[in-house]
$ cat my_file_25.cif   # mmCIF, C-alpha atoms
data_start
#
loop_
_atom_site.label_atom_id
_atom_site.label_comp_id
_atom_site.auth_asym_id
_atom_site.auth_seq_id
_atom_site.Cartn_x
_atom_site.Cartn_y
_atom_site.Cartn_z
CA MET L 25 93.48 5.39 53.38
CA ALA L 26 91.76 7.48 50.74
CA LEU L 27 88.89 9.75 51.71
CA ASP L 28 85.44 9.02 50.37
CA LYS L 29 84.69 11.41 47.50
CA PRO L 30 81.51 10.13 45.87
CA TYR L 31 80.95 13.28 43.80
CA GLY L 32 83.74 12.98 41.20
CA ASP L 33 81.39 11.67 38.51
CA ILE L 34 78.98 14.65 38.43
CA PRO L 35 79.50 16.24 35.01
CA GLY L 36 80.56 19.88 34.68
CA THR L 37 80.86 20.19 38.45
CA THR L 38 83.75 20.69 40.85
CA ILE L 39 82.81 20.22 44.48
CA PHE L 40 84.63 22.67 46.75
CA ASP L 41 85.96 20.12 49.20
CA SER L 42 88.73 20.03 51.79
CA MET L 43 91.50 19.65 49.20
CA LYS L 44 90.12 22.47 47.04
CA ALA L 45 89.94 24.70 50.11
CA ARG L 46 93.58 23.87 50.82
CA GLN L 47 94.61 24.60 47.22
CA GLY L 48 92.64 27.82 46.94
CA TYR L 49 93.22 29.41 50.34
CA HIS L 50 95.14 32.52 49.27
CA LEU L 51 93.21 32.86 46.03
CA ASN L 52 89.90 32.89 47.88
CA GLN L 53 91.22 35.29 50.52
CA PHE L 54 92.14 37.64 47.66
CA PHE L 55 88.54 37.45 46.35
CA HIS L 56 87.22 38.02 49.85
CA SER L 57 89.26 41.21 50.16
CA LEU L 58 87.05 42.69 47.41
CA MET L 59 84.25 43.08 49.94
CA LYS L 60 85.82 46.43 50.84
CA ASP L 61 85.17 49.38 48.57
CA GLU L 62 88.70 50.67 49.08
CA ASN L 63 90.15 47.34 47.93
CA ARG L 64 87.85 47.13 44.92
CA ASN L 65 89.04 50.55 43.81
CA ARG L 66 92.70 49.69 44.31
CA PHE L 67 92.27 46.42 42.40
CA LEU L 68 90.46 48.05 39.47
CA ALA L 69 93.04 50.83 39.29
CA ASP L 70 95.95 48.38 38.93
CA GLU L 71 95.07 44.69 38.93
CA ASN L 72 98.64 43.46 38.71
CA ALA L 73 99.86 45.62 41.58
CA TYR L 74 96.98 44.51 43.80
CA LEU L 75 97.55 40.84 42.96
CA ASP L 76 101.24 41.25 43.88
CA GLU L 77 100.09 41.53 47.48
CA TRP L 78 98.70 37.98 47.49
CA PRO L 79 100.79 34.77 47.58
CA ILE L 80 98.93 33.09 44.73
CA SER L 81 100.41 30.97 41.93
CA SER L 82 101.09 32.42 38.49
CA GLU L 83 98.33 30.17 37.09
CA GLN L 84 95.85 31.50 39.62
CA ARG L 85 96.89 35.04 38.88
CA GLN L 86 96.43 34.58 35.13
CA ALA L 87 93.00 33.00 35.60
CA VAL L 88 91.93 36.06 37.61
CA LEU L 89 93.28 38.50 35.03
CA ASP L 90 91.53 36.51 32.27
CA ARG L 91 88.28 36.25 34.27
CA ASP L 92 88.44 32.58 33.32
CA TYR L 93 86.17 31.26 36.06
CA ASN L 94 86.25 27.61 35.08
CA ARG L 95 90.03 27.79 35.40
CA VAL L 96 89.64 29.64 38.72
CA ILE L 97 87.52 26.71 39.96
CA GLU L 98 90.10 24.21 38.75
CA LEU L 99 92.75 26.10 40.73
CA GLY L 100 90.81 26.09 43.99
CA GLY L 101 88.49 29.09 43.68
CA ASN L 102 85.03 28.93 45.22
CA VAL L 103 82.03 30.55 43.59
CA TYR L 104 80.92 32.52 46.65
CA PHE L 105 84.40 33.99 46.90
CA PHE L 106 84.92 34.81 43.22
CA ALA L 107 81.40 36.24 43.00
CA LYS L 108 82.96 39.26 44.76
CA LEU L 109 84.88 39.77 41.51
CA PHE L 110 81.65 39.53 39.46
CA PHE L 111 80.29 42.38 41.56
CA THR L 112 83.55 44.34 41.47
CA ASP L 113 83.23 44.14 37.67
CA GLU L 114 79.59 45.26 38.05
CA GLN L 115 78.45 42.01 36.51
CA SER L 116 75.48 39.97 37.73
CA PHE L 117 75.72 36.45 39.12
CA GLU L 118 73.53 35.32 36.22
CA ILE L 119 76.01 36.58 33.65
CA GLY L 120 78.90 35.08 35.59
CA ALA L 121 77.15 31.70 35.64
CA ALA L 122 76.33 31.95 31.93
CA GLN L 123 79.99 32.54 31.15
CA MET L 124 81.00 29.30 32.89
CA THR L 125 78.52 27.33 30.79
CA GLY L 126 79.91 28.73 27.56
CA MET L 127 76.48 30.10 26.65
CA GLU L 128 75.62 33.64 25.61
CA PRO L 129 73.83 35.51 28.42
CA ALA L 130 70.58 35.78 26.43
CA GLU L 131 70.68 32.07 25.59
CA TYR L 132 71.36 31.20 29.24
CA ARG L 133 68.45 33.36 30.40
CA ARG L 134 66.16 31.65 27.90
CA MET L 135 67.20 28.28 29.28
CA MET L 136 66.45 29.44 32.84
CA LEU L 137 63.09 30.92 31.84
CA SER L 138 62.14 27.62 30.23
CA GLY L 139 62.82 25.71 33.45
CA GLY L 140 66.60 25.52 33.66
CA ARG L 141 69.09 22.87 32.64
CA PRO L 142 67.39 19.49 33.03
CA ALA L 143 68.79 16.92 35.44
CA ALA L 144 68.12 14.16 32.88
CA GLY L 145 71.37 13.35 31.12
CA ASN L 146 73.36 15.60 33.49
CA ARG L 147 73.69 13.41 36.56
CA TYR L 148 76.69 11.26 35.68
CA THR L 149 79.74 11.82 33.49
CA LYS L 150 79.00 8.49 31.83
CA GLU L 151 75.75 10.03 30.55
CA LYS L 152 77.32 13.29 29.44
CA ASN L 153 80.98 14.18 29.27
CA ASP L 154 80.88 17.95 28.97
CA GLY L 155 77.90 18.92 31.13
CA GLN L 156 76.46 20.91 28.26
CA ASN L 157 72.72 21.09 27.79
CA MET O 20 57.08 29.41 78.35
CA ALA O 21 58.64 30.04 74.96
CA ARG O 22 57.09 28.01 72.15
CA ILE O 23 57.83 27.41 68.50
CA SER O 24 54.57 28.19 66.72
CA ALA O 25 55.57 27.81 63.09
CA GLY O 26 58.32 27.19 60.57
CA VAL O 27 59.06 29.03 57.36
CA ALA O 28 61.23 27.74 54.53
CA THR O 29 62.38 30.01 51.75
CA SER O 30 65.10 30.44 49.18
CA HIS O 31 67.43 33.39 49.74
CA VAL O 32 68.60 34.28 46.22
CA PRO O 33 70.67 37.53 46.34
CA ALA O 34 69.16 38.83 43.08
CA ILE O 35 65.76 38.91 44.81
CA GLY O 36 67.15 41.37 47.35
CA ALA O 37 68.76 43.43 44.60
CA ALA O 38 65.47 43.50 42.64
CA LEU O 39 63.62 44.80 45.69
CA ASP O 40 66.32 47.31 46.62
CA LEU O 41 66.46 48.68 43.06
CA GLY O 42 62.67 49.02 42.74
CA LYS O 43 62.31 46.22 40.17
CA SER O 44 59.86 44.03 42.10
CA ARG O 45 56.96 44.85 39.73
CA GLU O 46 58.86 44.05 36.56
CA ASP O 47 57.57 41.08 34.58
CA TYR O 48 60.58 38.95 35.51
CA TRP O 49 60.29 39.55 39.27
CA ALA O 50 56.58 40.13 39.93
CA PRO O 51 55.70 36.39 40.07
CA VAL O 52 58.44 35.80 42.67
CA PHE O 53 57.15 38.50 45.02
CA ALA O 54 53.51 37.50 44.43
CA GLY O 55 54.34 34.12 45.94
CA TYR O 56 54.91 35.89 49.27
CA ASP O 57 51.73 38.03 49.37
CA PHE O 58 49.97 35.47 51.56
CA SER O 59 53.07 35.16 53.74
CA LYS O 60 53.29 38.88 54.48
CA GLN O 61 49.68 38.92 55.70
CA TRP O 62 50.18 35.71 57.63
CA ILE O 63 53.22 36.95 59.51
CA ALA O 64 51.55 40.30 60.26
CA ASP O 65 48.83 38.28 62.01
CA GLU O 66 51.24 35.87 63.71
CA LYS O 67 53.45 38.60 65.23
CA PRO O 68 56.44 36.45 66.22
CA ASP O 69 58.67 37.79 68.99
CA VAL O 70 61.78 35.97 67.79
CA ILE O 71 62.85 34.31 64.55
CA PHE O 72 65.48 31.60 64.83
CA LEU O 73 66.86 32.02 61.33
CA VAL O 74 68.91 29.17 59.85
CA TYR O 75 70.96 30.40 56.92
CA ASN O 76 74.41 30.20 55.45
CA ASP O 77 77.02 32.86 55.16
CA HIS O 78 78.34 33.27 51.60
CA ALA O 79 82.00 34.07 52.22
CA SER O 80 80.97 37.29 53.98
CA ALA O 81 81.38 37.07 57.77
CA PHE O 82 83.35 33.84 57.44
CA ASP O 83 86.15 33.80 54.91
CA LEU O 84 88.52 30.83 54.85
CA LYS O 85 90.24 31.98 58.06
CA MET O 86 87.49 30.43 60.14
CA ILE O 87 84.83 28.00 58.95
CA PRO O 88 82.34 27.00 61.65
CA THR O 89 80.05 24.10 60.81
CA PHE O 90 77.26 25.39 63.07
CA ALA O 91 77.42 28.92 64.54
CA ILE O 92 74.79 30.63 66.68
CA GLY O 93 74.53 34.42 66.93
CA CYS O 94 74.33 35.41 70.59
CA GLY O 95 74.97 39.11 69.94
CA GLU O 96 72.75 42.10 70.52
CA ARG O 97 72.90 43.50 67.01
CA TYR O 98 74.20 42.58 63.54
CA GLY O 99 75.26 44.93 60.75
CA ILE O 100 74.59 44.33 57.05
CA ALA O 101 77.51 42.93 55.01
CA ASP O 102 78.94 44.61 51.92
CA GLU O 103 79.11 41.61 49.58
CA GLY O 104 80.88 43.41 46.78
CA TRP O 105 78.29 45.94 45.60
CA GLY O 106 77.73 47.88 48.84
CA ALA O 107 75.61 46.85 51.82
CA ARG O 108 71.90 46.26 51.16
CA PRO O 109 69.82 49.25 52.32
CA VAL O 110 67.99 47.27 55.01
CA PRO O 111 67.81 47.79 58.79
CA ASP O 112 70.33 46.26 61.15
CA VAL O 113 69.21 42.98 62.68
CA ILE O 114 68.47 42.99 66.41
CA GLY O 115 69.36 39.79 68.24
CA HIS O 116 67.89 38.04 71.27
CA PRO O 117 70.99 37.23 73.34
CA ASP O 118 69.12 35.72 76.30
CA LEU O 119 67.31 33.08 74.25
CA ALA O 120 70.33 32.54 71.99
CA TRP O 121 72.65 31.80 74.91
CA HIS O 122 70.01 29.55 76.47
CA ILE O 123 69.76 27.54 73.23
CA ALA O 124 73.57 27.37 72.90
CA HIS O 125 73.91 26.12 76.47
CA SER O 126 71.19 23.52 76.01
CA VAL O 127 72.19 22.05 72.64
CA ILE O 128 75.93 21.97 73.41
CA LEU O 129 75.14 19.83 76.45
CA GLU O 130 73.17 17.57 74.11
CA GLY O 131 76.31 17.04 72.01
CA PHE O 132 76.02 19.68 69.28
CA ASP O 133 79.27 21.64 69.51
CA LEU O 134 78.18 25.07 68.32
CA THR O 135 80.46 28.02 67.63
CA ILE O 136 79.32 31.16 69.48
CA ILE O 137 79.26 34.45 67.55
CA ASN O 138 78.83 37.78 69.31
CA GLU O 139 79.74 40.15 66.52
CA MET O 140 79.34 39.72 62.78
CA ASP O 141 77.68 41.23 59.75
CA VAL O 142 74.92 39.22 58.08
CA ASP O 143 74.58 38.78 54.33
CA HIS O 144 71.80 38.10 51.82
CA GLY O 145 71.34 34.58 53.20
CA LEU O 146 69.69 36.17 56.23
CA THR O 147 68.37 39.48 54.92
CA VAL O 148 66.63 38.31 51.72
CA PRO O 149 64.24 36.02 53.68
CA LEU O 150 63.43 38.94 56.02
CA SER O 151 62.73 41.16 53.00
CA LEU O 152 60.50 38.53 51.37
CA MET O 153 58.44 38.08 54.52
CA PHE O 154 58.37 41.66 55.85
CA GLY O 155 58.88 43.86 52.78
CA GLN O 156 60.77 47.10 53.34
CA PRO O 157 60.14 48.33 56.91
CA ASP O 158 62.31 50.96 58.66
CA ALA O 159 63.06 48.39 61.35
CA TRP O 160 62.50 44.62 61.39
CA PRO O 161 59.41 43.95 63.51
CA CYS O 162 60.98 41.28 65.72
CA THR O 163 64.29 40.02 67.04
CA VAL O 164 66.34 37.44 65.12
CA ILE O 165 68.77 34.75 66.22
CA PRO O 166 71.10 34.09 63.27
CA PHE O 167 72.17 30.46 62.96
CA ALA O 168 74.83 29.88 60.32
CA VAL O 169 75.52 26.47 58.74
CA ASN O 170 78.53 25.64 56.59
CA VAL O 171 77.13 24.58 53.24
CA VAL O 172 80.02 26.07 51.25
CA ILE O 173 82.78 23.54 51.91
CA TYR O 174 82.36 19.78 51.58
CA PRO O 175 81.82 17.95 53.85
CA GLN O 176 78.82 19.84 55.11
CA PRO O 177 76.95 18.41 58.10
CA SER O 178 74.67 15.52 57.10
CA GLY O 179 70.94 15.91 56.68
CA ARG O 180 70.45 13.59 59.64
CA ARG O 181 72.71 15.72 61.85
CA CYS O 182 70.78 18.84 60.83
CA PHE O 183 67.41 17.21 61.54
CA GLU O 184 68.53 16.02 64.97
CA LEU O 185 69.96 19.46 65.74
CA GLY O 186 66.54 20.91 64.95
CA ARG O 187 65.02 18.56 67.49
CA ALA O 188 67.54 19.70 70.12
CA ILE O 189 66.77 23.36 69.33
CA ARG O 190 63.08 22.59 69.87
CA ARG O 191 63.79 21.15 73.32
CA ALA O 192 65.93 24.18 74.16
CA VAL O 193 63.24 26.68 73.18
CA ASP O 194 60.59 24.70 75.07
CA SER O 195 62.67 25.00 78.25
CA PHE O 196 63.04 28.80 78.13
CA ASP O 197 60.92 30.42 80.82
CA GLU O 198 59.95 33.68 79.16
CA ASP O 199 56.67 33.69 77.22
CA LEU O 200 57.81 34.11 73.62
CA ASN O 201 56.29 33.31 70.25
CA VAL O 202 59.24 31.84 68.33
CA GLN O 203 59.37 30.93 64.65
CA ILE O 204 62.13 28.89 63.05
CA TRP O 205 63.08 29.55 59.46
CA GLY O 206 65.15 27.36 57.16
CA THR O 207 66.56 29.14 54.13
CA GLY O 208 68.49 28.48 50.92
CA GLY O 209 67.77 26.11 48.05
CA MET O 210 65.95 24.92 46.16
CA SER O 211 67.70 23.24 43.23
CA HIS O 212 70.47 25.37 41.80
CA GLN O 213 74.00 25.20 40.53
CA LEU O 214 75.97 28.42 40.29
CA GLN O 215 79.28 27.16 38.99
CA GLY O 216 80.97 25.30 36.17
CA PRO O 217 79.62 24.07 32.82
CA ARG O 218 76.56 22.49 34.54
CA ALA O 219 75.42 25.85 36.00
CA GLY O 220 71.70 26.47 35.67
CA LEU O 221 70.63 22.97 36.67
CA ILE O 222 67.05 22.88 37.97
CA ASN O 223 65.27 19.73 39.07
CA ARG O 224 61.59 20.41 39.62
CA ASP O 225 60.79 16.76 40.33
CA PHE O 226 63.39 16.59 43.08
CA ASP O 227 62.21 19.88 44.56
CA THR O 228 58.54 18.84 44.55
CA ALA O 229 59.33 15.52 46.22
CA PHE O 230 61.51 17.33 48.77
CA LEU O 231 58.67 19.71 49.66
CA ASP O 232 56.17 16.85 49.98
CA ARG O 233 58.45 14.76 52.15
CA LEU O 234 59.56 17.70 54.28
CA VAL O 235 55.94 18.22 55.26
CA LYS O 236 54.86 14.58 55.69
CA ASP O 237 57.90 12.38 56.12
CA PRO O 238 60.91 14.44 57.24
CA ASP O 239 62.49 11.60 59.17
CA SER O 240 63.22 9.57 56.03
CA LEU O 241 64.17 12.72 54.09
CA ALA O 242 66.93 13.33 56.61
CA ASP O 243 68.73 10.23 55.30
CA ILE O 244 69.41 11.64 51.81
CA PRO O 245 73.22 11.68 51.45
CA LEU O 246 74.96 14.96 50.58
CA VAL O 247 76.06 13.65 47.17
CA GLU O 248 72.44 13.09 46.16
CA TYR O 249 71.62 16.77 46.74
CA MET O 250 74.62 17.76 44.63
CA ARG O 251 73.85 15.33 41.83
CA GLU O 252 70.08 15.85 41.73
CA ALA O 253 69.63 19.45 42.89
CA GLY O 254 72.92 21.03 41.80
CA SER O 255 76.11 21.69 43.71
CA GLU O 256 74.49 24.54 45.64
CA GLY O 257 71.23 22.61 46.12
CA VAL O 258 72.92 21.09 49.17
CA GLU O 259 71.68 24.21 51.01
CA LEU O 260 68.42 22.29 51.46
CA ILE O 261 69.92 20.55 54.51
CA MET O 262 69.19 23.80 56.36
CA TRP O 263 65.47 23.23 55.85
CA LEU O 264 65.84 20.01 57.85
CA ILE O 265 66.97 21.96 60.93
CA MET O 266 63.76 23.99 60.69
CA ARG O 267 61.63 20.87 60.22
CA GLY O 268 63.31 19.04 63.09
CA ALA O 269 62.22 21.80 65.45
CA LEU O 270 58.53 21.42 64.51
CA ASP O 271 55.92 18.89 65.59
CA ALA O 272 55.88 15.50 63.86
CA GLU O 273 52.59 16.58 62.27
CA VAL O 274 52.31 20.07 60.90
CA LEU O 275 49.73 22.07 59.00
CA GLU O 276 50.92 23.26 55.57
CA ARG O 277 49.52 26.78 55.32
CA HIS O 278 51.27 27.90 52.17
CA ARG O 279 53.46 26.60 49.39
CA PHE O 280 55.09 28.43 46.50
CA TYR O 281 57.47 27.25 43.80
CA HIS O 282 58.86 29.25 40.91
CA VAL O 283 61.61 28.99 38.30
CA PRO O 284 63.76 31.01 37.83
CA ALA O 285 65.19 33.69 40.06
CA SER O 286 68.53 34.37 38.42
CA ASN O 287 70.07 30.85 38.48
CA THR O 288 67.79 29.30 41.06
CA ALA O 289 64.47 27.59 41.76
CA VAL O 290 62.59 29.48 44.47
CA GLY O 291 60.73 27.37 47.02
CA HIS O 292 58.70 28.52 50.00
CA LEU O 293 56.65 26.78 52.70
CA ILE O 294 54.79 27.92 55.80
CA LEU O 295 54.24 25.13 58.31
CA GLU O 296 52.30 25.58 61.53
CA ASN O 297 52.76 23.44 64.60
CA LYS O 298 49.51 21.81 65.60
CA GLU O 299 50.26 20.77 69.16
CA SER O 300 52.13 23.71 70.62
CA ARG O 301 49.66 26.19 69.12
CA SER O 302 46.68 24.51 70.73
CA ASN O 303 48.48 24.48 74.11
CA SER O 304 49.33 28.15 74.02
#
$ encode --input "my_file_25.cif" --output "structure tokens"
Amino acid sequence: MALDKPYGDIPGTTIFDSMKARQGYHLNQFFHSLMKDENRNRFLADENAYLDEWPISSEQRQAVLDRDYNRVIELGGNVYFFAKLFFTDEQSFEIGAAQMTGMEPAEYRRMMLSGGRPAAGNRYTKEKNDGQN
Amino acid sequence: MARISAGVATSHVPAIGAALDLGKSREDYWAPVFAGYDFSKQWIADEKPDVIFLVYNDHASAFDLKMIPTFAIGCGERYGIADEGWGARPVPDVIGHPDLAWHIAHSVILEGFDLTIINEMDVDHGLTVPLSLMFGQPDAWPCTVIPFAVNVVIYPQPSGRRCFELGRAIRRAVDSFDEDLNVQIWGTGGMSHQLQGPRAGLINRDFDTAFLDRLVKDPDSLADIPLVEYMREAGSEGVELIMWLIMRGALDAEVLERHRFYHVPASNTAVGHLILENKESRSNS
């Protein structure tokens, strides 16, 4: 019998559920390894060599190299794990979030300062197909 | 006897900790956030809690995907500060209260809440940012802390109802501890925010305001909000608000709202903050 997943119709949103955790296990463990300064330095010195140590798929590997976070999410990455890569890149969470929305950082900050992305029109995919503001 | 005198709810946005640590708290962007806690700092200096039971979530710091406890209680003597990718925050270690923590674990497990017991772990911004907001930048935290970690990262999280009932069980456990202790319970995280995907930046002030109102006056019905409603209405990470229900469950049915603060934005997030005092247990003390 299928599991109840009532969150599939939230636009622009991937819920990190049991299946995503299964899919992204090694990918997320790679991100978690960046909590250690020594590992951050090794990764930054040679990203490919460091990624060789992790049993991740070639698609996952490419998404990491490209810093394509929407693709990382699609392939099982979780934001609290890949935020370690934001910080390894000395990038703020705000800029990382902006990147996933497709907005320029200054434009994203203006949206947040004016109250954030409204819920109206962004609750269901039937209202909005791309999740954009 | 130990007693829970008050509850505190607050967001735990990591950028708030970074702003404080980097000396940016008086900048135009951050000053309004910290001003919302001026009252709270004075209040807690007067209240002088002995122990804070601090409900928070770990953000892939102590718990990676190797082990994912749904509810975990810190029974250790001391907790270090996690390096979350930019070096550990320059804040004091957190001193635990193992005797009360083990007492609570023993009591609530017998009531059917199957807690994971933690004796050693580092704590991340989920726990330290609330301490910084309430206590500023002391050389040592002025009281002991029992960390209580809730899985809000992986769906399915525990339901709001389960969290609220757990809070009630924690209340009974604290009430049955013989030592005379002034205990506060804090619920952290929230309010509305989404950190990921094309919908990142979602803020729902109406939802947040209604949540605050109902948390004070009608928490029992609030506990029935399904997880998907938090995600849809308050953003995928807005589901952290279930942790506030643990705090509220441990308080009296009727509480006194001493302070409320709401501000948008802190980085990607709406900041919410409440101070609720128990009426009954304070008058009995």
$ atom_distance --input "my_file_25.cif" --atom1 "CA of Gly145 (chain O)" --atom2 "CA of Ser30 (chain O)"
8.5 Å
$ interface_residues --input "my_file_25.cif" --of "chain L" --to "chain O" --cutoff "7 Å" --atoms "only C-alpha atoms" --output "ChimeraX atom specification"
/L:30-31,34-37,39-42,49,53,56,58-59,94,103-105,108,111-112,118,121,124-125,136-137,139-143,147,155-156
$ residues_around --input "my_file_25.cif" --residues "Ala37 (chain O)" --least-positions-apart "4" --cutoff "10 Å" --atoms "all atoms listed in the file" --output "list in words"
Val32, Pro33, Leu41, Gly42, Lys43, Ser44, Trp105, Arg108, Pro109, His144 and Val148 of chain O
$ resolve_selection --input "my_file_25.cif" --expression "the PyMOL selection byres ((chain L and resi 109) around 12)" --output "PyMOL selection string"
(chain L and resi 51-61+63-65+67-68+71+88-93+96+101-108+110-117+120) or (chain O and resi 103-105)
$ atom_distance --input "my_file_25.cif" --atom1 "CA of Ala192 (chain O)" --atom2 "CA of Gln61 (chain O)"
28.7 Å
$ atom_distance --input "my_file_25.cif" --atom1 "CA of Ala25 (chain O)" --atom2 "CA of Asn297 (chain O)"
5.4 Å
$ resolve_selection --input "my_file_25.cif" --expression "the PyMOL selection byres ((chain O and resi 181-188) around 7)" --output "mmCIF file with C-alpha atoms, in the coordinates of the input"
data_model
loop_
_atom_site.group_PDB
_atom_site.id
_atom_site.type_symbol
_atom_site.label_atom_id
_atom_site.label_comp_id
_atom_site.auth_asym_id
_atom_site.auth_seq_id
_atom_site.Cartn_x
_atom_site.Cartn_y
_atom_site.Cartn_z
ATOM 1 C CA VAL O 127 72.190 22.050 72.640
ATOM 2 C CA PRO O 177 76.950 18.410 58.100
ATOM 3 C CA SER O 178 74.670 15.520 57.100
ATOM 4 C CA GLY O 179 70.940 15.910 56.680
ATOM 5 C CA ARG O 180 70.450 13.590 59.640
ATOM 6 C CA ILE O 189 66.770 23.360 69.330
ATOM 7 C CA ARG O 190 63.080 22.590 69.870
ATOM 8 C CA ARG O 191 63.790 21.150 73.320
ATOM 9 C CA ALA O 192 65.930 24.180 74.160
ATOM 10 C CA ALA O 242 66.930 13.330 56.610
ATOM 11 C CA ILE O 261 69.920 20.550 54.510
ATOM 12 C CA MET O 262 69.190 23.800 56.360
ATOM 13 C CA LEU O 264 65.840 20.010 57.850
ATOM 14 C CA ILE O 265 66.970 21.960 60.930
ATOM 15 C CA MET O 266 63.760 23.990 60.690
ATOM 16 C CA ARG O 267 61.630 20.870 60.220
ATOM 17 C CA GLY O 268 63.310 19.040 63.090
ATOM 18 C CA ALA O 269 62.220 21.800 65.450
#
$ residues_around --input "my_file_25.cif" --residues "region 198-206 of chain O" --least-positions-apart "2" --cutoff "7 Å" --atoms "all atoms listed in the file" --output "list in words"
Met20, Ala21, Arg22, Ile23, Ser24, Ala25, Gly26, Val27, Ala28, Thr29, Pro68, Asp69, Val70, Ile71, Phe72, Leu73, Val74, Tyr75, Phe196, Met262, Trp263, Ile265 and Met266 of chain O
$ resolve_selection --input "my_file_25.cif" --expression "the PyMOL selection byres ((chain O and resi 278) around 12)" --output "PyMOL selection string"
chain O and resi 25-29+55-63+231+235+274-277+279-281+291-296
$ axis_aligned_box --input "my_file_25.cif" --around "region 32-41 of chain L" --padding-each-side "4 Å" --output "lines of an AutoDock Vina configuration file"
center_x = 82.5
center_y = 17.2
center_z = 41.9
size_x = 15.0
size_y = 19.0
size_z = 22.5
$ residues_around --input "my_file_25.cif" --residues "Ser151 (chain O)" --least-positions-apart "6" --cutoff "10 Å" --atoms "only C-alpha atoms" --output "ChimeraX atom specification"
/O:31,35-36,39-40,60,110,144,157,160
$ write_last_selection --input "my_file_25.cif" --atoms "C-alpha atoms" --output "PDB file, in the coordinates of the input"
ATOM      1  CA  HIS O  31      67.430  33.390  49.740  1.00  0.00           C
ATOM      2  CA  ILE O  35      65.760  38.910  44.810  1.00  0.00           C
ATOM      3  CA  GLY O  36      67.150  41.370  47.350  1.00  0.00           C
ATOM      4  CA  LEU O  39      63.620  44.800  45.690  1.00  0.00           C
ATOM      5  CA  ASP O  40      66.320  47.310  46.620  1.00  0.00           C
ATOM      6  CA  LYS O  60      53.290  38.880  54.480  1.00  0.00           C
ATOM      7  CA  VAL O 110      67.990  47.270  55.010  1.00  0.00           C
ATOM      8  CA  HIS O 144      71.800  38.100  51.820  1.00  0.00           C
ATOM      9  CA  PRO O 157      60.140  48.330  56.910  1.00  0.00           C
ATOM     10  CA  TRP O 160      62.500  44.620  61.390  1.00  0.00           C
TER      11      TRP O 160
END
